[in-house]
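As provided, coords34.cif (mmCIF, C-alpha atoms) reads as follows.
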data_my_file
#
loop_
_atom_site.group_PDB
_atom_site.id
_atom_site.type_symbol
_atom_site.label_atom_id
_atom_site.label_comp_id
_atom_site.auth_asym_id
_atom_site.auth_seq_id
_atom_site.Cartn_x
_atom_site.Cartn_y
_atom_site.Cartn_z
ATOM 1 C CA MET A 1 17.336 14.253 -3.013
ATOM 2 C CA ALA A 2 19.339 16.642 -5.114
ATOM 3 C CA ASN A 3 18.172 17.178 -8.658
ATOM 4 C CA THR A 4 21.432 16.766 -10.574
ATOM 5 C CA VAL A 5 23.890 13.966 -11.352
ATOM 6 C CA LEU A 6 26.918 16.229 -10.997
ATOM 7 C CA VAL A 7 27.692 16.952 -7.346
ATOM 8 C CA LYS A 8 31.017 18.732 -7.761
ATOM 9 C CA GLY A 9 33.743 19.121 -10.352
ATOM 10 C CA ASP A 10 34.345 20.075 -13.951
ATOM 11 C CA PRO A 11 33.543 17.088 -16.175
ATOM 12 C CA MET A 12 33.474 17.206 -19.940
ATOM 13 C CA VAL A 13 29.830 17.325 -21.080
ATOM 14 C CA LYS A 14 28.855 15.806 -24.431
ATOM 15 C CA GLU A 15 25.712 14.509 -26.066
ATOM 16 C CA ALA A 16 24.742 11.508 -28.143
ATOM 17 C CA VAL A 17 21.684 9.513 -29.195
ATOM 18 C CA ALA A 18 20.397 6.913 -26.725
ATOM 19 C CA SER A 19 19.830 3.389 -28.028
ATOM 20 C CA GLU A 20 17.585 2.516 -25.061
ATOM 21 C CA ALA A 21 15.863 4.110 -22.077
ATOM 22 C CA ILE A 22 18.581 5.415 -19.734
ATOM 23 C CA THR A 23 18.153 7.069 -16.349
ATOM 24 C CA PRO A 24 20.409 9.949 -15.311
ATOM 25 C CA GLY A 25 23.237 8.499 -13.238
ATOM 26 C CA HIS A 26 23.584 5.329 -15.295
ATOM 27 C CA LEU A 27 27.125 4.490 -16.385
ATOM 28 C CA VAL A 28 27.071 4.617 -20.209
ATOM 29 C CA GLU A 29 29.087 3.448 -23.200
ATOM 30 C CA PHE A 30 28.751 3.426 -26.968
ATOM 31 C CA GLY A 31 27.116 0.251 -28.262
ATOM 32 C CA GLY A 32 27.153 -1.574 -31.578
ATOM 33 C CA SER A 33 24.849 0.986 -33.156
ATOM 34 C CA ASN A 34 27.266 3.774 -32.142
ATOM 35 C CA ASP A 35 24.569 5.136 -29.835
ATOM 36 C CA LEU A 36 24.772 5.416 -26.037
ATOM 37 C CA GLN A 37 23.622 2.483 -23.956
ATOM 38 C CA LYS A 38 23.974 1.424 -20.327
ATOM 39 C CA HIS A 39 27.451 0.011 -19.662
ATOM 40 C CA SER A 40 27.022 -3.697 -20.339
ATOM 41 C CA THR A 41 30.041 -5.594 -18.984
ATOM 42 C CA ALA A 42 30.049 -6.383 -15.271
ATOM 43 C CA GLY A 43 33.500 -5.591 -13.898
ATOM 44 C CA GLY A 44 34.614 -4.623 -17.399
ATOM 45 C CA ASN A 45 36.719 -1.719 -18.494
ATOM 46 C CA ALA A 46 34.641 1.476 -18.313
ATOM 47 C CA ARG A 47 35.347 5.159 -18.534
ATOM 48 C CA ALA A 48 33.547 7.352 -16.029
ATOM 49 C CA ALA A 49 30.751 8.421 -18.405
ATOM 50 C CA PHE A 50 27.338 9.003 -16.802
ATOM 51 C CA MET A 51 24.040 10.122 -18.298
ATOM 52 C CA ARG A 52 23.112 13.592 -17.110
ATOM 53 C CA GLU A 53 19.558 14.823 -16.528
ATOM 54 C CA GLN A 54 17.785 16.557 -19.411
ATOM 55 C CA ASP A 55 17.097 19.717 -17.413
ATOM 56 C CA TYR A 56 16.966 21.833 -20.564
ATOM 57 C CA ILE A 57 13.605 20.195 -21.358
ATOM 58 C CA GLY A 58 12.353 20.237 -17.774
ATOM 59 C CA GLN A 59 13.301 16.685 -16.777
ATOM 60 C CA ASP A 60 14.952 15.852 -13.484
ATOM 61 C CA ILE A 61 17.378 13.245 -12.222
ATOM 62 C CA ASP A 62 14.686 10.562 -11.884
ATOM 63 C CA GLN A 63 13.274 10.838 -15.419
ATOM 64 C CA ALA A 64 14.698 8.405 -17.952
ATOM 65 C CA CYS A 65 15.206 9.298 -21.583
ATOM 66 C CA ALA A 66 13.659 7.251 -24.384
ATOM 67 C CA ALA A 67 15.485 5.340 -27.106
ATOM 68 C CA GLY A 68 16.278 7.773 -29.920
ATOM 69 C CA ASP A 69 16.512 10.831 -27.641
ATOM 70 C CA ARG A 70 19.580 13.028 -27.949
ATOM 71 C CA ILE A 71 20.923 13.055 -24.387
ATOM 72 C CA PRO A 72 23.672 14.762 -22.409
ATOM 73 C CA TYR A 73 26.325 12.691 -20.687
ATOM 74 C CA LEU A 74 29.344 13.685 -18.691
ATOM 75 C CA ILE A 75 32.827 12.257 -18.706
ATOM 76 C CA GLY A 76 34.123 12.613 -15.182
ATOM 77 C CA ARG A 77 37.646 13.626 -14.410
ATOM 78 C CA GLN A 78 39.537 12.267 -11.432
ATOM 79 C CA GLY A 79 38.061 13.789 -8.271
ATOM 80 C CA ASP A 80 34.739 14.860 -9.828
ATOM 81 C CA GLU A 81 31.732 13.772 -7.765
ATOM 82 C CA VAL A 82 28.555 12.283 -9.249
ATOM 83 C CA ARG A 83 25.326 10.614 -8.165
ATOM 84 C CA GLY A 84 25.402 7.183 -9.751
ATOM 85 C CA LEU A 85 23.020 4.268 -9.319
ATOM 86 C CA VAL A 86 23.249 1.025 -7.344
ATOM 87 C CA ALA A 87 20.937 -1.814 -8.421
ATOM 88 C CA ALA A 88 18.376 -3.508 -6.201
ATOM 89 C CA GLY A 89 19.908 -6.457 -4.368
ATOM 90 C CA THR A 90 23.407 -4.945 -4.284
ATOM 91 C CA ALA A 91 25.323 -5.864 -1.138
ATOM 92 C CA ALA A 92 26.503 -3.208 1.290
ATOM 93 C CA ILE A 93 28.968 -0.664 -0.077
ATOM 94 C CA SER A 94 31.317 0.941 2.421
ATOM 95 C CA LYS A 95 32.255 4.614 2.329
ATOM 96 C CA GLY A 96 35.539 4.861 0.451
ATOM 97 C CA GLY A 97 35.032 1.484 -1.203
ATOM 98 C CA PRO A 98 35.992 1.052 -4.876
ATOM 99 C CA LEU A 99 33.156 0.713 -7.399
ATOM 100 C CA GLU A 100 32.943 -0.994 -10.777
ATOM 101 C CA SER A 101 30.296 -1.500 -13.447
ATOM 102 C CA ALA A 102 27.556 -3.982 -12.576
ATOM 103 C CA GLY A 103 26.934 -4.574 -16.297
ATOM 104 C CA ASP A 104 23.544 -2.855 -16.394
ATOM 105 C CA GLY A 105 24.501 0.812 -16.040
ATOM 106 C CA THR A 106 24.659 0.626 -12.255
ATOM 107 C CA LEU A 107 27.665 0.449 -9.927
ATOM 108 C CA GLN A 108 28.637 -2.361 -7.568
ATOM 109 C CA PRO A 109 31.477 -3.015 -5.122
ATOM 110 C CA HIS A 110 34.728 -3.682 -6.980
ATOM 111 C CA GLY A 111 35.569 -7.369 -7.188
ATOM 112 C CA THR A 112 31.919 -8.489 -7.349
ATOM 113 C CA ALA A 113 32.405 -9.510 -10.995
ATOM 114 C CA ALA A 114 34.718 -12.432 -11.707
ATOM 115 C CA THR A 115 37.385 -10.246 -13.327
ATOM 116 C CA GLY A 116 38.251 -8.146 -10.258
ATOM 117 C CA ASP A 117 40.734 -6.203 -12.407
ATOM 118 C CA PRO A 118 42.026 -3.221 -10.376
ATOM 119 C CA ASP A 119 42.179 -1.154 -13.575
ATOM 120 C CA ASN A 120 38.382 -1.362 -13.834
ATOM 121 C CA VAL A 121 37.597 0.773 -10.773
ATOM 122 C CA VAL A 122 35.350 3.593 -12.015
ATOM 123 C CA ALA A 123 34.808 5.487 -8.769
ATOM 124 C CA TYR A 124 34.958 5.392 -4.969
ATOM 125 C CA ALA A 125 31.883 5.519 -2.720
ATOM 126 C CA MET A 126 31.524 8.783 -0.820
ATOM 127 C CA GLU A 127 28.823 7.289 1.380
ATOM 128 C CA ALA A 128 27.801 3.878 2.650
ATOM 129 C CA VAL A 129 24.871 2.298 0.779
ATOM 130 C CA ASP A 130 23.157 -1.043 1.399
ATOM 131 C CA ASN A 131 20.559 -1.913 -1.232
ATOM 132 C CA SER A 132 20.599 -5.682 -0.583
ATOM 133 C CA GLY A 133 16.919 -5.630 0.388
ATOM 134 C CA GLY A 134 15.862 -2.934 -2.047
ATOM 135 C CA SER A 135 13.359 -3.414 -4.844
ATOM 136 C CA SER A 136 14.681 -0.623 -7.070
ATOM 137 C CA ALA A 137 17.939 1.173 -7.824
ATOM 138 C CA VAL A 138 19.150 3.810 -5.358
ATOM 139 C CA ARG A 139 21.556 6.730 -5.677
ATOM 140 C CA ILE A 140 25.135 6.707 -4.453
ATOM 141 C CA LYS A 141 27.451 9.683 -4.290
ATOM 142 C CA ALA A 142 30.771 8.658 -5.808
ATOM 143 C CA GLU A 143 34.148 10.240 -6.578
ATOM 144 C CA ILE A 144 35.624 9.457 -9.990
ATOM 145 C CA ALA A 145 38.778 7.329 -9.745
#

Taking this structure as input, can you express it in the form of structure tokens?
Amino acid sequence: MANTVLVKGDPMVKEAVASEAITPGHLVEFGGSNDLQKHSTAGGNARAAFMREQDYIGQDIDQACAAGDRIPYLIGRQGDEVRGLVAAGTAAISKGGPLESAGDGTLQPHGTAATGDPDNVVAYAMEAVDNSGGSSAVRIKAEIA
């Protein structure tokens, strides 16, 4: 497994305070406290903002930050490639399939949530992933929509 969320591209990199534990690769948004949290609306409108690993303090892609940590996140531009997360129990995702927020910082096949709004596609799968029998989140390489 590669040790970075960014696979390819030139995203904008920013930083903010985390309001909860977040793992690199989680889709993030600003919450009510104006701190970063995992994206919380399944199928909801989301910009392609993903937590990045804290490599400057020796942490890798699998090490979550703690609430209150100042963390880096990237805002992907169309065509950038990232390693996001797919939750345990997520049905098969086909290569090239559109992805949306699962409402917990992970990605899921577009249309899984009731909204199914085509404007809410965050990325496209660059590989097939089936985590329907998994007991923990797995990585998926995705291209920003």

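For Val17 of chain A, the set of protein, DNA and RNA residues having any atom at most 7 Å away, when counting all atoms listed in the file and skipping those fewer than 2 positions along the same chain, is Ser19, Asp35, Leu36, Gly68, Asp69, Arg70 and Ile71 of chain A.
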
Apply the PyMOL selection byres ((chain A and resi 13) around 12) to the structure shown and report the selected residues as a PyMOL selection string. chain A and resi 5-6+9-12+14-16+48-53+71-77

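Atom pair atom CA of Glu20 of chain A / atom CA of Gly89 of chain A has a distance of 22.7 Å (rounded to one decimal).
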
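Using all atoms listed in the file, the smallest distance between any of A:Ala46, A:Ala21, A:Ile144, A:Val121 and Ala66 of chain A comes from A:Ala21.
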
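The space separating atom CA of Val82 of chain A from atom CA of Gly133 of chain A comes to 23.4 Å.
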
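In this structure, atom CA of Asn120 of chain A sits 29.1 Å away from atom CA of Asp60 of chain A.
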
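Of the listed residues (A:Asn45, A:Ser136, A:Asn3, A:Thr106), A:Asn45 comes nearest to Asp119 of chain A; the distances count all atoms listed in the file.
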
Could you state which residues are captured by the PyMOL selection byres ((chain A and resi 90) around 8) in this file, as an NGL selection string? :A and (86-89 or 91-92 or 108 or 130-132)
